[in-house]
>>> print(open('start.cif').read())   # mmCIF, C-alpha atoms
data_target
#
loop_
_atom_site.label_atom_id
_atom_site.label_comp_id
_atom_site.auth_asym_id
_atom_site.auth_seq_id
_atom_site.Cartn_x
_atom_site.Cartn_y
_atom_site.Cartn_z
CA MET A 1 24.03 -9.80 41.59
CA GLY A 2 22.45 -6.45 42.46
CA THR A 3 20.71 -4.26 39.93
CA LYS A 4 23.49 -1.67 40.01
CA ASP A 5 26.11 -4.34 39.32
CA ARG A 6 24.49 -5.27 36.01
CA ARG A 7 25.29 -3.60 32.75
CA HIS A 8 22.39 -1.87 31.01
CA LEU A 9 21.23 -2.94 27.53
CA ALA A 10 18.82 -1.12 25.22
CA LEU A 11 16.99 -3.75 23.17
CA PHE A 12 15.22 -2.31 20.09
CA ALA A 13 12.66 -4.94 19.12
CA TYR A 14 9.66 -4.15 16.93
CA TYR A 15 8.36 -7.66 17.52
CA TYR A 16 7.83 -8.14 21.24
CA PRO A 17 4.85 -9.42 23.26
CA PRO A 18 1.96 -9.03 23.01
CA LEU A 19 2.90 -9.44 19.33
CA GLY A 20 3.37 -13.09 18.47
CA GLY A 21 5.69 -14.99 16.18
CA ALA A 22 9.27 -16.26 16.23
CA GLY A 23 10.84 -12.79 16.24
CA SER A 24 8.86 -11.74 19.27
CA GLN A 25 9.83 -14.90 21.13
CA ARG A 26 13.52 -14.41 20.32
CA ALA A 27 13.50 -10.89 21.75
CA LEU A 28 11.53 -12.06 24.78
CA SER A 29 14.02 -14.86 25.43
CA PHE A 30 16.93 -12.41 25.36
CA ALA A 31 15.16 -10.12 27.83
CA ARG A 32 14.14 -13.02 30.05
CA HIS A 33 17.59 -14.63 30.37
CA LEU A 34 20.09 -11.75 30.16
CA PRO A 35 19.49 -10.44 33.72
CA SER A 36 20.90 -13.67 35.17
CA LEU A 37 23.96 -13.18 32.93
CA GLY A 38 24.88 -9.71 34.17
CA TRP A 39 22.67 -7.52 31.98
CA ARG A 40 19.50 -5.65 32.85
CA VAL A 41 17.40 -4.80 29.84
CA THR A 42 15.23 -1.93 28.67
CA VAL A 43 13.12 -3.14 25.76
CA ILE A 44 12.06 -0.41 23.30
CA THR A 45 9.09 -1.52 21.23
CA PRO A 46 6.04 0.09 19.56
CA ARG A 47 2.89 0.51 21.58
CA GLU A 48 0.78 -0.97 18.79
CA GLY A 49 2.76 -2.96 16.28
CA VAL A 50 1.11 -4.34 13.15
CA TYR A 51 1.04 -8.09 13.63
CA GLY A 52 -0.93 -10.85 15.33
CA ARG A 53 -1.32 -10.71 19.10
CA ASP A 54 -0.33 -13.64 21.30
CA GLY A 55 -1.94 -13.22 24.70
CA SER A 56 -0.15 -16.27 26.10
CA LEU A 57 3.25 -14.49 26.07
CA PRO A 58 4.27 -12.25 29.00
CA ALA A 59 3.96 -8.65 27.79
CA GLY A 60 4.82 -6.79 31.00
CA ASP A 61 8.02 -6.16 32.91
CA LEU A 62 10.06 -9.17 34.05
CA PRO A 63 12.76 -9.25 36.77
CA GLY A 64 15.61 -7.09 35.50
CA VAL A 65 13.57 -6.01 32.47
CA ARG A 66 11.74 -2.77 31.73
CA VAL A 67 9.47 -2.53 28.68
CA LEU A 68 9.17 0.93 27.13
CA ARG A 69 6.39 1.26 24.55
CA THR A 70 6.54 4.13 22.09
CA GLY A 71 4.35 5.69 19.45
CA SER A 72 4.79 4.72 15.82
CA LEU A 73 3.43 6.33 12.66
CA GLU A 74 3.05 3.43 10.24
CA PRO A 75 1.31 3.31 6.86
CA ALA A 76 0.07 -0.23 7.56
CA ALA A 77 -1.80 0.97 10.65
CA LEU A 78 -3.33 3.80 8.59
CA LEU A 79 -4.45 1.36 5.92
CA ARG A 80 -6.03 -0.84 8.54
CA ARG A 81 -8.07 2.16 9.70
CA LEU A 82 -9.08 2.91 6.10
CA LYS A 83 -10.26 -0.66 5.82
CA GLY A 84 -12.25 -0.23 9.01
CA GLY A 85 -10.44 -2.98 10.93
CA ALA A 86 -9.12 -3.01 14.45
CA PRO A 87 -6.05 -4.54 16.06
CA SER A 88 -6.62 -8.17 16.95
CA VAL A 89 -6.05 -8.93 20.59
CA VAL A 90 -5.94 -12.71 20.66
CA GLU A 91 -6.80 -14.39 17.40
CA GLY A 92 -4.11 -12.71 15.31
CA ALA A 93 -3.55 -10.41 12.40
CA GLY A 94 -6.19 -11.92 10.17
CA SER A 95 -5.53 -11.14 6.54
CA TYR A 96 -2.40 -9.05 7.19
CA VAL A 97 -2.77 -5.47 6.05
CA GLU A 98 -0.07 -5.72 3.41
CA GLU A 99 -2.06 -8.33 1.49
CA ALA A 100 -5.63 -7.29 2.30
CA GLU A 101 -8.22 -6.36 -0.30
CA LEU A 102 -8.81 -2.70 0.49
CA GLY A 103 -10.89 -1.20 -2.31
CA ALA A 104 -9.81 1.29 -4.98
CA PHE A 105 -9.03 4.33 -2.80
CA ALA A 106 -7.21 2.47 -0.03
CA SER A 107 -5.31 0.39 -2.59
CA ALA A 108 -4.13 3.60 -4.26
CA VAL A 109 -2.96 4.91 -0.88
CA ARG A 110 -1.12 1.65 -0.28
CA SER A 111 0.61 1.86 -3.66
CA VAL A 112 1.82 5.42 -3.01
CA ALA A 113 2.86 4.52 0.54
CA ARG A 114 4.97 1.62 -0.65
CA LYS A 115 6.86 3.79 -3.11
CA LEU A 116 7.36 6.81 -0.86
CA LEU A 117 7.32 5.57 2.71
CA TYR A 118 8.20 1.89 2.80
CA PHE A 119 11.99 2.10 2.65
CA PRO A 120 13.56 0.08 4.05
CA ASP A 121 10.26 -1.36 5.30
CA ALA A 122 6.80 -0.43 6.51
CA SER A 123 7.97 0.33 10.06
CA GLY A 124 9.94 3.48 9.26
CA GLY A 125 7.51 5.58 11.28
CA TRP A 126 8.81 3.93 14.44
CA VAL A 127 12.45 5.06 14.01
CA ARG A 128 12.24 8.58 15.46
CA PRO A 129 9.97 7.77 18.44
CA ALA A 130 12.09 4.75 19.38
CA ALA A 131 15.36 6.67 19.24
CA ALA A 132 13.86 9.56 21.23
CA ALA A 133 12.65 7.17 23.93
CA ALA A 134 16.13 5.66 24.25
CA ARG A 135 17.71 9.12 24.58
CA GLU A 136 15.31 9.99 27.39
CA VAL A 137 16.18 6.85 29.36
CA HIS A 138 19.90 7.20 28.66
CA ALA A 139 19.95 10.70 30.17
CA GLY A 140 19.07 9.33 33.61
CA ASP A 141 20.16 5.68 33.40
CA PRO A 142 22.92 5.32 30.80
CA PHE A 143 23.07 2.33 28.50
CA ASP A 144 26.27 0.31 28.19
CA ALA A 145 25.29 -1.26 24.86
CA VAL A 146 22.50 -1.29 22.28
CA LEU A 147 21.08 -4.38 20.58
CA SER A 148 18.61 -4.20 17.71
CA SER A 149 16.86 -7.16 16.10
CA SER A 150 15.54 -7.31 12.53
CA PRO A 151 13.32 -7.62 10.66
CA PRO A 152 12.20 -4.91 10.37
CA VAL A 153 15.45 -3.21 9.36
CA SER A 154 13.91 -0.04 10.80
CA ALA A 155 14.81 -1.43 14.23
CA HIS A 156 18.49 -1.13 13.25
CA LEU A 157 17.93 2.40 11.98
CA ALA A 158 16.27 3.42 15.24
CA ALA A 159 19.07 1.88 17.30
CA ARG A 160 21.77 3.56 15.19
CA ARG A 161 19.98 6.89 15.39
CA PHE A 162 20.33 6.73 19.16
CA ALA A 163 23.62 4.86 19.57
CA ARG A 164 25.91 6.79 17.21
CA PRO A 165 25.53 10.28 18.74
CA ALA A 166 25.35 8.80 22.26
CA GLY A 167 28.63 6.94 21.76
CA VAL A 168 27.12 3.62 22.86
CA PRO A 169 28.29 0.46 21.03
CA LEU A 170 25.70 -0.99 18.67
CA VAL A 171 25.12 -4.72 18.10
CA LEU A 172 22.95 -5.81 15.16
CA ASP A 173 20.92 -9.03 15.27
CA PHE A 174 19.75 -10.33 11.87
CA ARG A 175 17.08 -12.97 12.55
CA ASP A 176 16.51 -13.10 8.81
CA LEU A 177 18.76 -11.88 6.04
CA TRP A 178 17.88 -8.60 4.42
CA GLU A 179 18.35 -9.33 0.73
CA PRO A 180 18.22 -6.05 -1.20
CA ALA A 181 15.32 -6.23 -3.61
CA VAL A 182 15.84 -5.91 -7.35
CA GLU A 183 14.06 -2.56 -7.30
CA GLY A 184 16.20 -0.11 -5.35
CA ALA A 185 18.95 -2.69 -4.79
CA ALA A 186 21.76 -0.14 -4.87
CA ARG A 187 20.08 2.03 -2.25
CA ALA A 188 19.38 -0.97 -0.02
CA SER A 189 22.96 -2.25 -0.40
CA ARG A 190 24.35 1.11 0.65
CA LEU A 191 22.10 1.15 3.70
CA LEU A 192 23.10 -2.37 4.69
CA GLY A 193 26.78 -1.49 4.28
CA GLY A 194 26.36 1.62 6.43
CA LEU A 195 24.63 -0.35 9.18
CA LEU A 196 27.35 -2.98 9.23
CA GLU A 197 30.07 -0.32 9.26
CA SER A 198 28.51 1.52 12.20
CA SER A 199 28.13 -1.58 14.39
CA ALA A 200 30.45 -2.83 17.08
CA ALA A 201 29.33 -6.43 16.46
CA VAL A 202 26.90 -8.35 14.28
CA LEU A 203 25.11 -11.58 15.05
CA THR A 204 22.70 -13.88 13.26
CA VAL A 205 20.98 -17.23 13.65
CA SER A 206 23.08 -19.67 11.59
CA ARG A 207 26.56 -20.25 10.26
CA GLY A 208 25.43 -19.90 6.67
CA TYR A 209 23.84 -16.55 7.39
CA ALA A 210 26.97 -15.49 9.28
CA GLU A 211 29.10 -16.25 6.24
CA TRP A 212 26.75 -14.27 3.98
CA ILE A 213 26.76 -11.22 6.25
CA GLY A 214 30.47 -11.55 7.05
CA SER A 215 31.37 -11.41 3.37
CA ARG A 216 29.67 -8.01 3.25
CA ALA A 217 30.87 -6.77 6.62
CA GLY A 218 34.48 -7.81 6.08
CA ARG A 219 34.71 -9.29 9.59
CA PRO A 220 33.44 -12.27 11.57
CA VAL A 221 29.78 -12.44 12.53
CA ALA A 222 28.65 -14.17 15.72
CA VAL A 223 26.08 -16.98 15.65
CA VAL A 224 23.33 -16.90 18.28
CA ARG A 225 20.82 -19.54 17.29
CA ASN A 226 17.16 -19.63 18.13
CA GLY A 227 16.08 -22.18 20.71
CA PHE A 228 13.24 -23.46 22.84
CA GLU A 229 12.07 -22.87 26.38
CA PRO A 230 11.81 -26.17 28.27
CA ARG A 231 8.21 -26.71 29.31
CA GLU A 232 5.89 -29.27 30.74
CA PRO A 233 3.82 -31.10 28.11
CA GLU A 234 0.55 -29.31 27.39
CA PRO A 235 -2.76 -31.20 27.50
CA PRO A 236 -4.18 -31.68 24.01
CA PRO A 237 -6.89 -29.16 23.12
CA PRO A 238 -10.48 -30.34 23.40
CA GLY A 239 -12.49 -30.77 20.24
CA LEU A 240 -9.73 -31.91 17.88
CA PRO A 241 -10.68 -34.89 15.70
CA GLY A 242 -9.19 -38.15 16.86
CA GLU A 243 -7.50 -38.85 13.52
CA PRO A 244 -3.69 -38.44 13.41
CA PHE A 245 -2.24 -35.21 12.06
CA LEU A 246 1.03 -33.47 11.26
CA LEU A 247 1.56 -29.95 12.59
CA HIS A 248 3.37 -27.20 10.70
CA ALA A 249 3.10 -23.96 12.69
CA GLY A 250 4.37 -20.58 11.55
CA THR A 251 5.04 -18.66 8.38
CA THR A 252 5.45 -20.24 4.95
CA TYR A 253 7.77 -18.79 2.32
CA GLY A 254 6.33 -19.39 -1.12
CA ALA A 255 8.83 -20.63 -3.66
CA ARG A 256 11.44 -21.29 -0.98
CA GLN A 257 9.32 -24.16 0.36
CA ASP A 258 7.59 -26.65 -1.91
CA PHE A 259 4.78 -28.39 -0.02
CA GLY A 260 3.60 -30.07 -3.21
CA VAL A 261 5.24 -33.48 -2.72
CA LEU A 262 4.21 -33.66 0.94
CA ALA A 263 0.60 -32.80 0.05
CA GLY A 264 0.60 -35.32 -2.77
CA VAL A 265 1.86 -38.14 -0.55
CA LEU A 266 -0.70 -37.20 2.10
CA GLY A 267 -3.37 -37.56 -0.58
CA GLU A 268 -2.06 -41.04 -1.45
CA VAL A 269 -2.06 -42.11 2.20
CA ARG A 270 -5.62 -40.90 2.63
CA ALA A 271 -6.74 -42.61 -0.58
CA ALA A 272 -5.32 -45.85 0.81
CA GLY A 273 -7.48 -45.51 3.93
CA GLY A 274 -5.25 -43.49 6.24
CA ALA A 275 -6.73 -40.45 7.99
CA LEU A 276 -3.48 -38.49 8.37
CA HIS A 277 -3.70 -34.79 7.52
CA LEU A 278 -1.58 -31.65 7.86
CA ARG A 279 -2.63 -28.76 10.12
CA MET A 280 -1.06 -25.37 9.31
CA PRO A 281 -1.66 -22.68 11.93
CA GLY A 282 0.16 -19.43 11.20
CA ARG A 283 0.64 -17.22 8.19
CA VAL A 284 0.40 -19.20 4.97
CA ASP A 285 1.53 -17.04 2.06
CA PRO A 286 -0.87 -16.68 -0.89
CA SER A 287 1.20 -18.73 -3.34
CA THR A 288 1.49 -21.68 -0.95
CA ARG A 289 -2.21 -21.45 -0.12
CA GLY A 290 -2.99 -21.53 -3.85
CA ARG A 291 -0.77 -24.55 -4.49
CA LEU A 292 -2.44 -26.40 -1.61
CA ALA A 293 -6.01 -25.46 -2.55
CA ALA A 294 -6.85 -28.94 -3.84
CA ALA A 295 -5.32 -30.59 -0.77
CA GLU A 296 -7.38 -28.25 1.44
CA ALA A 297 -10.54 -29.13 -0.46
CA SER A 298 -9.88 -32.86 0.05
CA GLY A 299 -9.21 -32.46 3.77
CA ALA A 300 -5.53 -33.39 3.50
CA VAL A 301 -4.47 -29.87 4.56
CA ARG A 302 -6.23 -27.62 7.05
CA PHE A 303 -5.34 -23.95 7.48
CA GLU A 304 -5.98 -22.64 11.00
CA GLY A 305 -4.86 -19.01 10.95
CA PHE A 306 -2.80 -17.26 13.60
CA LEU A 307 -2.87 -19.05 16.99
CA PRO A 308 -1.21 -18.06 20.29
CA SER A 309 1.82 -20.06 21.32
CA ASP A 310 0.13 -21.93 24.15
CA GLU A 311 -2.49 -23.19 21.70
CA ILE A 312 0.30 -24.29 19.34
CA HIS A 313 1.93 -26.20 22.19
CA ARG A 314 -1.35 -28.00 22.93
CA ARG A 315 -1.60 -29.02 19.29
CA GLU A 316 1.99 -30.26 19.39
CA ALA A 317 1.05 -32.54 22.29
CA ALA A 318 -1.60 -34.20 20.12
CA ALA A 319 0.36 -34.32 16.83
CA ALA A 320 1.66 -37.52 15.29
CA ALA A 321 4.71 -35.45 14.31
CA VAL A 322 5.77 -31.80 14.31
CA VAL A 323 6.97 -30.57 10.90
CA ALA A 324 10.02 -28.33 10.50
CA PHE A 325 10.52 -27.27 6.87
CA ALA A 326 13.84 -25.72 5.81
CA TRP A 327 14.10 -23.70 2.62
CA THR A 328 14.68 -25.58 -0.62
CA GLY A 329 16.79 -23.31 -2.80
CA GLU A 330 18.02 -24.21 -6.22
CA GLY A 331 21.70 -24.97 -6.81
CA ASP A 332 24.38 -23.49 -4.61
CA ASP A 333 22.18 -21.03 -2.71
CA PRO A 334 23.98 -19.97 0.52
CA ILE A 335 20.84 -18.40 1.96
CA SER A 336 18.76 -21.55 1.61
CA ARG A 337 21.64 -23.75 2.79
CA GLY A 338 21.95 -21.64 5.94
CA HIS A 339 18.24 -21.42 6.74
CA LEU A 340 17.49 -22.76 10.23
CA PRO A 341 13.74 -22.56 10.81
CA ALA A 342 12.86 -21.36 14.31
CA LYS A 343 10.23 -24.09 14.24
CA LEU A 344 12.98 -26.72 14.24
CA PHE A 345 14.05 -25.71 17.74
CA GLU A 346 10.46 -25.57 18.98
CA ALA A 347 9.92 -29.03 17.49
CA LEU A 348 13.00 -30.41 19.25
CA GLY A 349 11.66 -29.11 22.55
CA SER A 350 8.13 -30.38 22.03
CA GLY A 351 8.76 -33.95 23.13
CA ARG A 352 7.04 -35.18 19.96
CA PRO A 353 8.38 -36.94 16.86
CA VAL A 354 9.89 -34.43 14.41
CA LEU A 355 9.45 -34.59 10.64
CA LEU A 356 12.39 -32.51 9.44
CA LEU A 357 12.12 -31.63 5.74
CA ALA A 358 15.57 -30.45 4.70
CA GLU A 359 17.84 -31.09 1.77
CA PRO A 360 21.11 -32.99 2.38
CA GLY A 361 24.07 -30.74 3.21
CA THR A 362 21.98 -27.90 4.59
CA GLU A 363 22.57 -26.48 8.04
CA ALA A 364 19.09 -27.59 9.12
CA ALA A 365 19.86 -31.17 8.11
CA ARG A 366 23.13 -31.15 10.04
CA LEU A 367 21.60 -29.67 13.17
CA GLY A 368 18.71 -32.10 13.07
CA ALA A 369 21.13 -35.01 12.78
CA GLU A 370 23.07 -33.66 15.79
CA ALA A 371 19.82 -33.79 17.78
CA GLY A 372 19.02 -37.34 16.66
CA VAL A 373 16.49 -36.46 13.95
CA GLU A 374 17.00 -37.89 10.47
CA PRO A 375 16.26 -35.26 7.78
CA LEU A 376 14.14 -36.11 4.76
CA SER A 377 14.30 -34.30 1.45
CA PRO A 378 10.93 -32.63 0.80
CA ARG A 379 11.27 -33.88 -2.78
CA ASP A 380 11.73 -37.56 -1.87
CA ALA A 381 8.23 -38.95 -2.37
CA GLY A 382 9.34 -42.54 -1.77
CA ARG A 383 10.74 -41.96 1.70
CA LEU A 384 7.89 -39.63 2.62
CA ARG A 385 5.40 -42.28 1.56
CA GLY A 386 6.89 -44.78 4.01
CA VAL A 387 7.14 -42.30 6.89
CA LEU A 388 3.65 -40.88 6.48
CA GLY A 389 2.14 -44.30 6.03
CA ALA A 390 3.65 -45.41 9.34
CA LEU A 391 2.43 -42.27 11.13
CA ALA A 392 -1.06 -42.85 9.76
CA ARG A 393 -0.99 -46.31 11.36
CA GLY A 394 0.05 -44.86 14.71
CA GLU A 395 3.68 -45.96 14.37
CA VAL A 396 6.76 -43.75 14.82
CA PRO A 397 9.42 -44.62 12.21
CA PRO A 398 13.10 -44.64 13.25
CA GLY A 399 14.81 -41.26 13.05
CA LEU A 400 11.88 -39.08 14.07
CA ARG A 401 12.41 -39.03 17.84
CA PRO A 402 14.99 -36.44 18.99
CA ASP A 403 17.66 -37.46 21.46
CA ALA A 404 16.61 -35.54 24.60
CA ALA A 405 20.17 -34.96 25.85
CA ALA A 406 21.37 -33.71 22.45
CA ALA A 407 18.31 -31.50 21.93
CA ALA A 408 18.81 -29.91 25.37
CA ARG A 409 21.82 -28.02 23.98
CA PHE A 410 19.44 -25.83 21.98
CA THR A 411 17.57 -24.03 24.75
CA ARG A 412 16.84 -20.30 24.78
CA ALA A 413 18.99 -19.96 27.90
CA ALA A 414 21.99 -21.37 26.01
CA ALA A 415 21.39 -18.91 23.17
CA ALA A 416 21.18 -16.01 25.62
CA ALA A 417 24.51 -17.08 27.11
CA ASP A 418 26.06 -16.84 23.63
CA LEU A 419 24.56 -13.37 23.27
CA ALA A 420 25.89 -12.27 26.68
CA ALA A 421 29.37 -13.41 25.63
CA THR A 422 29.12 -11.25 22.50
CA LEU A 423 27.93 -8.23 24.49
CA ASP A 424 30.64 -8.69 27.09
CA GLY A 425 33.21 -8.95 24.31
CA VAL A 426 32.04 -5.63 22.82
CA LEU A 427 32.75 -3.87 26.12
CA ALA A 428 36.09 -5.58 26.74
CA PRO A 429 39.25 -3.58 25.92
CA GLY A 430 39.75 -3.82 22.18
CA GLY A 431 36.29 -5.43 21.93
CA ALA A 432 34.53 -6.82 18.88
CA ARG A 433 34.66 -4.98 15.58
#
>>> encode(input="start.cif", output="structure tokens")
Amino acid sequence: MGTKDRRHLALFAYYYPPLGGAGSQRALSFARHLPSLGWRVTVITPREGVYGRDGSLPAGDLPGVRVLRTGSLEPAALLRRLKGGAPSVVEGAGSYVEEAELGAFASAVRSVARKLLYFPDASGGWVRPAAAAAREVHAGDPFDAVLSSSPPVSAHLAARRFARPAGVPLVLDFRDLWEPAVEGAARASRLLGGLLESSAAVLTVSRGYAEWIGSRAGRPVAVVRNGFEPREPEPPPPGLPGEPFLLHAGTTYGARQDFGVLAGVLGEVRAAGGALHLRMPGRVDPSTRGRLAAAEASGAVRFEGFLPSDEIHRREAAAAAVVAFAWTGEGDDPISRGHLPAKLFEALGSGRPVLLLAEPGTEAARLGAEAGVEPLSPRDAGRLRGVLGALARGEVPPGLRPDAAAAARFTRAAAAADLAATLDGVLAPGGAR
């Protein structure tokens, strides 16, 4: 298919390489696979986003993909300058500006900035430059559709700012749900309603999330799951201790994930002579870090900070099991029930045993079972004790090895095909609304 035969998509993605993380990899996967599905892509992203850098991800143009980097006036970047820091190139975002100890003056600036400038999020200073960049491209090479991916919700605002006056259909991708905060909830709810009303289609990562958004949009919401890129096994990194370990990579979510039982059972296994421990590269939120302080002190848990994806893959190759931890909400919580951690898909593609911590009846538990992985409740100390004890002895208990053929259905290419079908449907006569 020639370049001129492809439709043209504007992809507004704050998180895009060289920024790391699951959001960046989702946007990259769309850009990478859509050209073979009839869409060429112009990615609109900030020149210097505030997040950890992952130098192992391709940051430049790909076949059928142009990357347009714009300016962005963000309070978080200003606060980083006040602190005297600099953007990290490889090792990551460090202490994350939003949570850093800044001193009295900078903390006062942060407090004012949050109240005056951080609605709907800290990336509002990117909205105008991103929309202006899209208008400039559109004047000479018109877009057929616009896709924006959140968080941050400012990506949707930038896309709408361009798409509505240009008359180009807008598709909203909610990687995570935007739950209006208690403070300013009415304002946030109005904004969410306006975004949904102005869109030609909406998509998200799970059925539960689709139901939640659909109840507010008053129409069906498409599901385009996350996935994994098939890859050759990475050689284990040099210098890791020979003792077996579990690997949980990525962000933790405070009260939505209770690592307490897992850490406690790890402590029991180690007290009984096992050397198994948990490695946690990525952003560990302060409350989780506090709850695991004793486990860290004993060596049962080891925090490793932000690591690039290729380094994560090398750790996966050496892990006794890769941990995917779904949210553990209380009662009938549709958001927790629908949470599908991006790490679950990466774990399924790792070729390693998968320790899926998910409550019965959740979407994560069902998907894991479809791929041949038996979910364990993160609260079930008895079952965890047996599984972790076996892993400490170098054994792989039944139910931890994914079925390769079943897991292969969850590739990034398959997800991009679902996205292409949604985009094609928007442009069809009487398309999605």
>>> residues_around(input="start.cif", residues="region 398-401 of chain A", least_positions_apart="5", cutoff="10 Å", atoms="all atoms listed in the file", output="list in words")
Ala321, Val322, Leu348, Gly351, Arg352, Pro353, Val354, Leu355, Leu356, Gly368, Ala369, Ala371, Gly372, Val373, Glu374, Pro375, Leu376 and Val387 of chain A
>>> atom_distance(input="start.cif", atom1="CA of Glu211 (chain A)", atom2="CA of His156 (chain A)")
19.8 Å
>>> atom_distance(input="start.cif", atom1="CA of Phe162 (chain A)", atom2="CA of Pro58 (chain A)")
26.7 Å
>>> closest_residue(input="start.cif", among="A:Phe303, A:Tyr51, A:Phe245, A:Phe325", to="Gly23 (chain A)", atoms="only C-alpha atoms")
A:Tyr51
>>> atom_distance(input="start.cif", atom1="CA of Gly389 (chain A)", atom2="CA of Val323 (chain A)")
15.3 Å
>>> residues_around(input="start.cif", residues="region 217-232 of chain A", least_positions_apart="3", cutoff="9 Å", atoms="only C-alpha atoms", output="ChimeraX atom specification")
/A:22,26,29,173,175,193,196-197,201-207,209-214,340-350,408-419,422,433
>>> resolve_selection(input="start.cif", expression="the PyMOL selection byres ((chain A and resi 200) around 8)", output="list in words")
Pro169, Leu170, Val171, Ser198, Ser199, Ala201, Val202, Val426, Ala432 and Arg433 of chain A
>>> closest_residue(input="start.cif", among="A:Gly282, A:Pro18, A:Gly38, A:Pro360", to="Asp424 (chain A)", atoms="only C-alpha atoms")
A:Gly38
>>> residues_around(input="start.cif", residues="Gly194 (chain A)", least_positions_apart="5", cutoff="12 Å", atoms="only C-alpha atoms", output="number ranges by chain")
A: 156-157, 160, 164, 172, 187-189, 199, 216-217
>>> resolve_selection(input="start.cif", expression="the PyMOL selection byres ((chain A and resi 134) around 12)", output="short mmCIF file (atom, residue, chain, number, x, y, z; two decimals) with C-alpha atoms, in the coordinates of the input")
data_model
loop_
_atom_site.label_atom_id
_atom_site.label_comp_id
_atom_site.auth_asym_id
_atom_site.auth_seq_id
_atom_site.Cartn_x
_atom_site.Cartn_y
_atom_site.Cartn_z
CA HIS A 8 22.39 -1.87 31.01
CA LEU A 9 21.23 -2.94 27.53
CA ALA A 10 18.82 -1.12 25.22
CA LEU A 11 16.99 -3.75 23.17
CA PHE A 12 15.22 -2.31 20.09
CA VAL A 41 17.40 -4.80 29.84
CA THR A 42 15.23 -1.93 28.67
CA VAL A 43 13.12 -3.14 25.76
CA ILE A 44 12.06 -0.41 23.30
CA THR A 45 9.09 -1.52 21.23
CA VAL A 67 9.47 -2.53 28.68
CA LEU A 68 9.17 0.93 27.13
CA ARG A 69 6.39 1.26 24.55
CA THR A 70 6.54 4.13 22.09
CA VAL A 127 12.45 5.06 14.01
CA ARG A 128 12.24 8.58 15.46
CA PRO A 129 9.97 7.77 18.44
CA ALA A 130 12.09 4.75 19.38
CA ALA A 131 15.36 6.67 19.24
CA ALA A 132 13.86 9.56 21.23
CA ALA A 133 12.65 7.17 23.93
CA ARG A 135 17.71 9.12 24.58
CA GLU A 136 15.31 9.99 27.39
CA VAL A 137 16.18 6.85 29.36
CA HIS A 138 19.90 7.20 28.66
CA ALA A 139 19.95 10.70 30.17
CA GLY A 140 19.07 9.33 33.61
CA ASP A 141 20.16 5.68 33.40
CA PRO A 142 22.92 5.32 30.80
CA PHE A 143 23.07 2.33 28.50
CA ALA A 145 25.29 -1.26 24.86
CA VAL A 146 22.50 -1.29 22.28
CA LEU A 147 21.08 -4.38 20.58
CA ALA A 158 16.27 3.42 15.24
CA ALA A 159 19.07 1.88 17.30
CA ARG A 160 21.77 3.56 15.19
CA ARG A 161 19.98 6.89 15.39
CA PHE A 162 20.33 6.73 19.16
CA ALA A 163 23.62 4.86 19.57
CA PRO A 165 25.53 10.28 18.74
CA ALA A 166 25.35 8.80 22.26
CA VAL A 168 27.12 3.62 22.86
#
>>> closest_residue(input="start.cif", among="A:Gly20, A:Gly64, A:Pro334, A:Gly52", to="His33 (chain A)", atoms="only C-alpha atoms")
A:Gly64
>>> residues_around(input="start.cif", residues="Pro238 (chain A)", least_positions_apart="6", cutoff="12 Å", atoms="only C-alpha atoms", output="mmCIF file with C-alpha atoms, keeping the file's coordinate frame")
data_model
loop_
_atom_site.group_PDB
_atom_site.id
_atom_site.type_symbol
_atom_site.label_atom_id
_atom_site.label_comp_id
_atom_site.auth_asym_id
_atom_site.auth_seq_id
_atom_site.Cartn_x
_atom_site.Cartn_y
_atom_site.Cartn_z
ATOM 1 C CA GLU A 311 -2.490 -23.190 21.700
ATOM 2 C CA ARG A 314 -1.350 -28.000 22.930
ATOM 3 C CA ARG A 315 -1.600 -29.020 19.290
ATOM 4 C CA ALA A 317 1.050 -32.540 22.290
ATOM 5 C CA ALA A 318 -1.600 -34.200 20.120
#
>>> residues_near_point(input="start.cif", point="(-6.2, -19.8, 11.0)", cutoff="8 Å", atoms="only C-alpha atoms", output="CSV table (one decimal) with C-alpha atoms, in the coordinates of the input")
chain,number,residue,atom,x,y,z
A,94,GLY,CA,-6.2,-11.9,10.2
A,280,MET,CA,-1.1,-25.4,9.3
A,281,PRO,CA,-1.7,-22.7,11.9
A,282,GLY,CA,0.2,-19.4,11.2
A,283,ARG,CA,0.6,-17.2,8.2
A,303,PHE,CA,-5.3,-24.0,7.5
A,304,GLU,CA,-6.0,-22.6,11.0
A,305,GLY,CA,-4.9,-19.0,11.0
A,306,PHE,CA,-2.8,-17.3,13.6
A,307,LEU,CA,-2.9,-19.0,17.0
>>> resolve_selection(input="start.cif", expression="the PyMOL selection byres ((chain A and resi 328) around 8)", output="ChimeraX atom specification")
/A:256-258,326-327,329-330,336-337,358-359
>>> write_last_selection(input="start.cif", atoms="C-alpha atoms", output="PDB file, in the frame of the given file")
ATOM      1  CA  ARG A 256      11.440 -21.290  -0.980  1.00  0.00           C
ATOM      2  CA  GLN A 257       9.320 -24.160   0.360  1.00  0.00           C
ATOM      3  CA  ASP A 258       7.590 -26.650  -1.910  1.00  0.00           C
ATOM      4  CA  ALA A 326      13.840 -25.720   5.810  1.00  0.00           C
ATOM      5  CA  TRP A 327      14.100 -23.700   2.620  1.00  0.00           C
ATOM      6  CA  GLY A 329      16.790 -23.310  -2.800  1.00  0.00           C
ATOM      7  CA  GLU A 330      18.020 -24.210  -6.220  1.00  0.00           C
ATOM      8  CA  SER A 336      18.760 -21.550   1.610  1.00  0.00           C
ATOM      9  CA  ARG A 337      21.640 -23.750   2.790  1.00  0.00           C
ATOM     10  CA  ALA A 358      15.570 -30.450   4.700  1.00  0.00           C
ATOM     11  CA  GLU A 359      17.840 -31.090   1.770  1.00  0.00           C
TER      12      GLU A 359
END
